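S.K.: Below is the structure I would like to discuss, written out as structure tokens.
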Amino acid sequence: MTNISPKILITGATGQVGGRVISLLQNQSDITLVAAVRSAQKAIDFTNRNIETVIFDFDDEGTHADALTGIDRLFIVTGYTVDMLRQSKALLDNAKKAGVKHVVHLGACGRDDTTIAHWAWHQLVERYIEWCGFTYTHLRPETFMQNLLSYGGTQVVNNGIIHQYVQGARKSWVDVDDVAQVAAISLLHPKLHGNQTYRLGYDAKSYYEIAALMSQIIGKPFEYQPQEPEVFLQNMVNAGAEMAYMSCVYDHYKRYAAGTIPGADDVLDNFFAITGKQPVTWDAFIQKHKEEFDY
């Protein structure tokens, strides 16, 4: 009897996490990997790499059934808007109809009792995944280290100056590459990682501490100059961002600065048990991206 390899659909395939997950899985011979894309143009790069693609749009439920046909495992990455709630529910309802068995969901920071709005939205999606009856792996990454390279397409460190909005708060951080590793392993081995919630944060630093590390490692002066959260809010308004979501980000910056987010600097110890590797720390991340931070 022929064994049919499980079929894994990656949403957010052109994004920073989804793209890395695909790179980690593309040479696995015991699975069939499928990249969800919104247009034929976006499929070209994957086709050139011999990766199967399907047309999928979170906002067009008419694309869901075809995209989910034959899919066994699903990686969900939604965009940074409040529409994530509606989009996730529609996708999960259609995934259940299609017979998907395991869902890996890229969520957000925080302990179970978080009241940070956009983090809580992700936890509501987690509960819906469970209610639907899928086996699941919930990923809750802390702040991405890559946010210091750019945020919203804007360079964050300019000529050695870091502008951020949390005063001297210490935050927990994770490298996107490490998030992608946990996602890929969870998709490959659902029996081992099924019905698990993994918080992912492996180094707690303030921006003052990060600037000091950059100065030491790169050999040039770096300085953190905190700004008020209102500066961020106005920048988002000027950029035409989706403000239901960005107003939540503004609020959580204020709460970071005030020191009122429980567990904001939690450092987890689960990465080696999941991957067999050590997580990236800020020292290693700065070394890895010296050329991008240098000026």
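By convention here, the chains of the structure tokens are called A, B, ... in the order presented, each chain's residues are numbered starting at 1, and ligands are numbered starting at 1 in the order presented.
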Determine, for each residue of range 255-293 of chain A having at least one atom at most 12 Å from an atom of range 226-233 of chain A, the closest pair of atoms and their separation in Å to one decimal, counting only C-alpha atoms; order by chain and ascending number, as JSON lines.

M.R.:
```
{"residue": "A:Arg255", "atom": "CA", "partner": "A:Pro229", "partner_atom": "CA", "distance": 9.9}
{"residue": "A:Tyr256", "atom": "CA", "partner": "A:Pro229", "partner_atom": "CA", "distance": 10.2}
{"residue": "A:Ala257", "atom": "CA", "partner": "A:Pro229", "partner_atom": "CA", "distance": 8.9}
{"residue": "A:Ala258", "atom": "CA", "partner": "A:Pro229", "partner_atom": "CA", "distance": 11.4}
```

S.K.: Just list as a PyMOL selection string whatever in range 56-243 of chain A DSSP marks as alpha helix (DSSP H).

M.R.: chain A and resi 64-68+84-98+117-132+176-188+190-193+207-218+229-239+243

S.K.: Mind checking DSSP for range 161-282 of chain A and telling me the strand (DSSP E) residues as a PyMOL selection string?

M.R.: chain A and resi 161-162+171-174+196-200+203-205+223-224

S.K.: Save out the residues we just selected, C-alpha atoms, as a PDB file, in the first residue's frame.

M.R.:
```pdb
ATOM      1  CA  ILE A 161      20.492  56.165  17.104  1.00  0.00           C
ATOM      2  CA  ILE A 162      17.584  53.960  18.213  1.00  0.00           C
ATOM      3  CA  LYS A 171      11.327  43.191  26.964  1.00  0.00           C
ATOM      4  CA  SER A 172      11.668  39.540  26.049  1.00  0.00           C
ATOM      5  CA  TRP A 173      12.980  38.977  22.505  1.00  0.00           C
ATOM      6  CA  VAL A 174      13.191  36.197  19.917  1.00  0.00           C
ATOM      7  CA  GLN A 196       1.063  22.525  23.026  1.00  0.00           C
ATOM      8  CA  THR A 197       1.402  26.257  23.603  1.00  0.00           C
ATOM      9  CA  TYR A 198       4.954  27.510  23.154  1.00  0.00           C
ATOM     10  CA  ARG A 199       5.899  30.957  24.348  1.00  0.00           C
ATOM     11  CA  LEU A 200       9.050  31.965  22.492  1.00  0.00           C
ATOM     12  CA  ASP A 203      16.707  37.118  25.880  1.00  0.00           C
ATOM     13  CA  ALA A 204      15.394  40.036  27.956  1.00  0.00           C
ATOM     14  CA  LYS A 205      16.960  43.409  27.226  1.00  0.00           C
ATOM     15  CA  GLU A 223      22.487  55.341  21.635  1.00  0.00           C
ATOM     16  CA  TYR A 224      18.860  54.799  22.569  1.00  0.00           C
TER      17      TYR A 224
END
```

S.K.: To one decimal in Å, tell me the separation between CA of Arg111 in chain A and CA of Gln123 in chain A.

M.R.: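 Taking CA of Arg111 in chain A and CA of Gln123 in chain A, their separation equals 9.7 Å.
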
S.K.: Mind pulling up the distance from CA of His122 in chain A to CA of Gly107 in chain A?

M.R.: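 Computed distance, CA of Gly107 in chain A to CA of His122 in chain A, equals 5.2 Å.
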
S.K.: May I have the residues within 12 Å of Lys42 in chain A as a PDB file with N, CA and C atoms, in the first residue's frame, using only C-alpha atoms and disregarding those fewer than 2 positions away in the same chain?

M.R.:
```pdb
ATOM      1  N   GLY A  12       0.858  33.151   4.657  1.00  0.00           N
ATOM      2  CA  GLY A  12       1.934  34.102   4.927  1.00  0.00           C
ATOM      3  C   GLY A  12       3.236  33.678   4.281  1.00  0.00           C
ATOM      4  N   ALA A  13       3.148  32.976   3.160  1.00  0.00           N
ATOM      5  CA  ALA A  13       4.330  32.358   2.549  1.00  0.00           C
ATOM      6  C   ALA A  13       5.359  33.370   2.073  1.00  0.00           C
ATOM      7  N   THR A  14       4.921  34.581   1.752  1.00  0.00           N
ATOM      8  CA  THR A  14       5.862  35.596   1.284  1.00  0.00           C
ATOM      9  C   THR A  14       6.331  36.506   2.416  1.00  0.00           C
ATOM     10  N   GLY A  15       5.900  36.235   3.643  1.00  0.00           N
ATOM     11  CA  GLY A  15       6.300  37.042   4.790  1.00  0.00           C
ATOM     12  C   GLY A  15       7.555  36.528   5.448  1.00  0.00           C
ATOM     13  N   ALA A  35       2.656  26.449  -0.820  1.00  0.00           N
ATOM     14  CA  ALA A  35       2.713  27.860  -0.452  1.00  0.00           C
ATOM     15  C   ALA A  35       1.433  28.552  -0.899  1.00  0.00           C
ATOM     16  N   ALA A  36       0.768  29.224   0.024  1.00  0.00           N
ATOM     17  CA  ALA A  36      -0.433  29.989  -0.309  1.00  0.00           C
ATOM     18  C   ALA A  36      -0.017  31.380  -0.779  1.00  0.00           C
ATOM     19  N   VAL A  37      -0.455  31.771  -1.964  1.00  0.00           N
ATOM     20  CA  VAL A  37      -0.104  33.077  -2.523  1.00  0.00           C
ATOM     21  C   VAL A  37      -1.370  33.760  -3.033  1.00  0.00           C
ATOM     22  N   ARG A  38      -1.307  35.078  -3.129  1.00  0.00           N
ATOM     23  CA  ARG A  38      -2.503  35.825  -3.522  1.00  0.00           C
ATOM     24  C   ARG A  38      -2.611  36.045  -5.021  1.00  0.00           C
ATOM     25  N   SER A  39      -1.540  35.757  -5.782  1.00  0.00           N
ATOM     26  CA  SER A  39      -1.584  35.996  -7.225  1.00  0.00           C
ATOM     27  C   SER A  39      -0.594  35.080  -7.927  1.00  0.00           C
ATOM     28  N   ALA A  40      -0.825  34.928  -9.230  1.00  0.00           N
ATOM     29  CA  ALA A  40       0.101  34.125 -10.034  1.00  0.00           C
ATOM     30  C   ALA A  40       1.498  34.729 -10.033  1.00  0.00           C
ATOM     31  N   ILE A  44       5.559  32.832  -8.746  1.00  0.00           N
ATOM     32  CA  ILE A  44       6.687  32.556  -9.644  1.00  0.00           C
ATOM     33  C   ILE A  44       7.928  32.089  -8.889  1.00  0.00           C
ATOM     34  N   ASP A  45       8.272  32.805  -7.816  1.00  0.00           N
ATOM     35  CA  ASP A  45       9.482  32.440  -7.067  1.00  0.00           C
ATOM     36  C   ASP A  45       9.380  31.031  -6.515  1.00  0.00           C
ATOM     37  N   PHE A  46       8.210  30.656  -5.992  1.00  0.00           N
ATOM     38  CA  PHE A  46       8.045  29.312  -5.442  1.00  0.00           C
ATOM     39  C   PHE A  46       8.084  28.259  -6.545  1.00  0.00           C
ATOM     40  N   THR A  47       7.445  28.548  -7.652  1.00  0.00           N
ATOM     41  CA  THR A  47       7.469  27.615  -8.785  1.00  0.00           C
ATOM     42  C   THR A  47       8.895  27.374  -9.254  1.00  0.00           C
ATOM     43  N   ASN A  48       9.690  28.421  -9.294  1.00  0.00           N
ATOM     44  CA  ASN A  48      11.095  28.274  -9.692  1.00  0.00           C
ATOM     45  C   ASN A  48      11.886  27.403  -8.716  1.00  0.00           C
ATOM     46  N   THR A  53       2.155  25.690  -5.317  1.00  0.00           N
ATOM     47  CA  THR A  53       1.446  26.881  -4.840  1.00  0.00           C
ATOM     48  C   THR A  53      -0.057  26.725  -5.066  1.00  0.00           C
ATOM     49  N   VAL A  54      -0.815  27.492  -4.268  1.00  0.00           N
ATOM     50  CA  VAL A  54      -2.258  27.626  -4.491  1.00  0.00           C
ATOM     51  C   VAL A  54      -2.615  29.099  -4.311  1.00  0.00           C
ATOM     52  N   ILE A  55      -3.631  29.540  -5.015  1.00  0.00           N
ATOM     53  CA  ILE A  55      -4.133  30.899  -4.831  1.00  0.00           C
ATOM     54  C   ILE A  55      -5.015  30.919  -3.580  1.00  0.00           C
ATOM     55  N   PHE A  56      -4.687  31.845  -2.673  1.00  0.00           N
ATOM     56  CA  PHE A  56      -5.423  31.939  -1.420  1.00  0.00           C
ATOM     57  C   PHE A  56      -5.435  33.384  -0.966  1.00  0.00           C
TER      58      PHE A  56
END
```

S.K.: Show which residues sit within 12 Å of Ser29 in chain A, as an NGL selection string. Count only C-alpha atoms, and ignore same-chain residues fewer than 3 positions away.

M.R.: :A and (4-7 or 24-26 or 32-33 or 188)

S.K.: Could those selected residues go to a file with C-alpha atoms, as a PDB file, in the first residue's frame?

M.R.:
```pdb
ATOM      1  CA  ILE A   4       0.759   9.330   0.839  1.00  0.00           C
ATOM      2  CA  SER A   5       2.905  12.088   2.319  1.00  0.00           C
ATOM      3  CA  PRO A   6       1.081  14.659   4.469  1.00  0.00           C
ATOM      4  CA  LYS A   7       0.319  17.920   2.709  1.00  0.00           C
ATOM      5  CA  LEU A  24      13.237  24.997   6.320  1.00  0.00           C
ATOM      6  CA  LEU A  25      10.691  22.519   4.954  1.00  0.00           C
ATOM      7  CA  GLN A  26      11.310  22.636   1.212  1.00  0.00           C
ATOM      8  CA  THR A  32       4.213  17.796   0.301  1.00  0.00           C
ATOM      9  CA  LEU A  33       4.702  21.517   0.852  1.00  0.00           C
ATOM     10  CA  LEU A 188       6.646  18.071  10.737  1.00  0.00           C
TER      11      LEU A 188
END
```

S.K.: Quick one: contact table of range 199-279 of chain A to range 71-87 of chain A, 7 Å max, nearest atom pair and distance in Å to one decimal per residue, counting only C-alpha atoms, chain and number order, as JSON lines?

M.R.:
```
{"residue": "A:Glu242", "atom": "CA", "partner": "A:Thr81", "partner_atom": "CA", "distance": 6.2}
{"residue": "A:Ala244", "atom": "CA", "partner": "A:Val82", "partner_atom": "CA", "distance": 6.4}
{"residue": "A:Tyr245", "atom": "CA", "partner": "A:Thr81", "partner_atom": "CA", "distance": 5.2}
```

S.K.: Just to be explicit: take each residue in the selection above, keep N, CA and C atoms, and write the result as a compact mmCIF listing (two decimals), in the first residue's frame.

M.R.:
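The resulting file, again.txt, is reproduced below:
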```
# COMPACT_ATOMS: atom_id res chain seq x y z
N GLU A 242 -3.75 50.69 9.58
CA GLU A 242 -5.03 50.24 10.12
C GLU A 242 -5.05 50.56 11.61
N ALA A 244 -7.29 50.46 14.16
CA ALA A 244 -7.82 49.61 15.23
C ALA A 244 -6.70 48.78 15.83
N TYR A 245 -5.83 48.26 14.96
CA TYR A 245 -4.69 47.48 15.42
C TYR A 245 -3.61 48.38 16.00
```

S.K.: Which one of A:Gly153, A:His64, A:Gly201, A:Ile129 sits closest to Asp269 in chain A if you count only C-alpha atoms?

M.R.: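 Comparing A:Gly153, A:His64, A:Gly201, A:Ile129 against Asp269 in chain A, the winner is A:Gly201.
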
S.K.: What separation in Å, quoted to one decimal, exists between CA of Gly263 in chain A and CA of Glu142 in chain A?

M.R.: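 About the pair CA of Gly263 in chain A and CA of Glu142 in chain A: they are 10.4 Å apart.
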
S.K.: Please provide the set of residues having any atom within 12 Å of Gly276 in chain A, restricted to only C-alpha atoms, with same-chain residues fewer than 2 positions apart removed, written as a ChimeraX atom specification.

M.R.: /A:178,181-182,185,269-274,278-279

S.K.: Hey, what's within 6 Å of His102 in chain A if we count only C-alpha atoms and toss same-chain stuff fewer than 5 positions away? As a tab-separated table (two decimals) with C-alpha atoms, in the first residue's frame, please?

M.R.:
```tsv
chain	number	residue	atom	x	y	z
A	73	ARG	CA	-1.62	20.44	8.30
A	134	PHE	CA	-8.00	20.36	15.56
A	135	THR	CA	-4.81	19.22	17.18
A	136	TYR	CA	-2.78	22.37	17.51
```

S.K.: Hey, what's within 10 Å of Gly152 in chain A if we count only C-alpha atoms and toss same-chain stuff fewer than 5 positions away? As a list in words, please?

M.R.: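 After dropping sequence-adjacent residues, the list is Asn147, Met236, Ala239 and Ala241 of chain A.
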
S.K.: If you keep C-alpha atoms, can you produce a file of those selected residues as a PDB file, in the first residue's frame?

M.R.:
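In the end it all went to selection-v6.pdb:
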```
ATOM      1  CA  ASN A 147      12.120  44.747  14.485  1.00  0.00           C
ATOM      2  CA  MET A 236       0.884  55.378  11.988  1.00  0.00           C
ATOM      3  CA  ALA A 239       1.240  56.288   7.107  1.00  0.00           C
ATOM      4  CA  ALA A 241      -2.081  52.284   8.857  1.00  0.00           C
TER       5      ALA A 241
END
```

S.K.: So, with only C-alpha atoms as the atoms that count, which of A:Asp66, A:Asp57, A:Glu130, A:Asp251 lies closest to Leu92 in chain A?

M.R.: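 Using only C-alpha atoms, Leu92 in chain A sits closest to A:Glu130.
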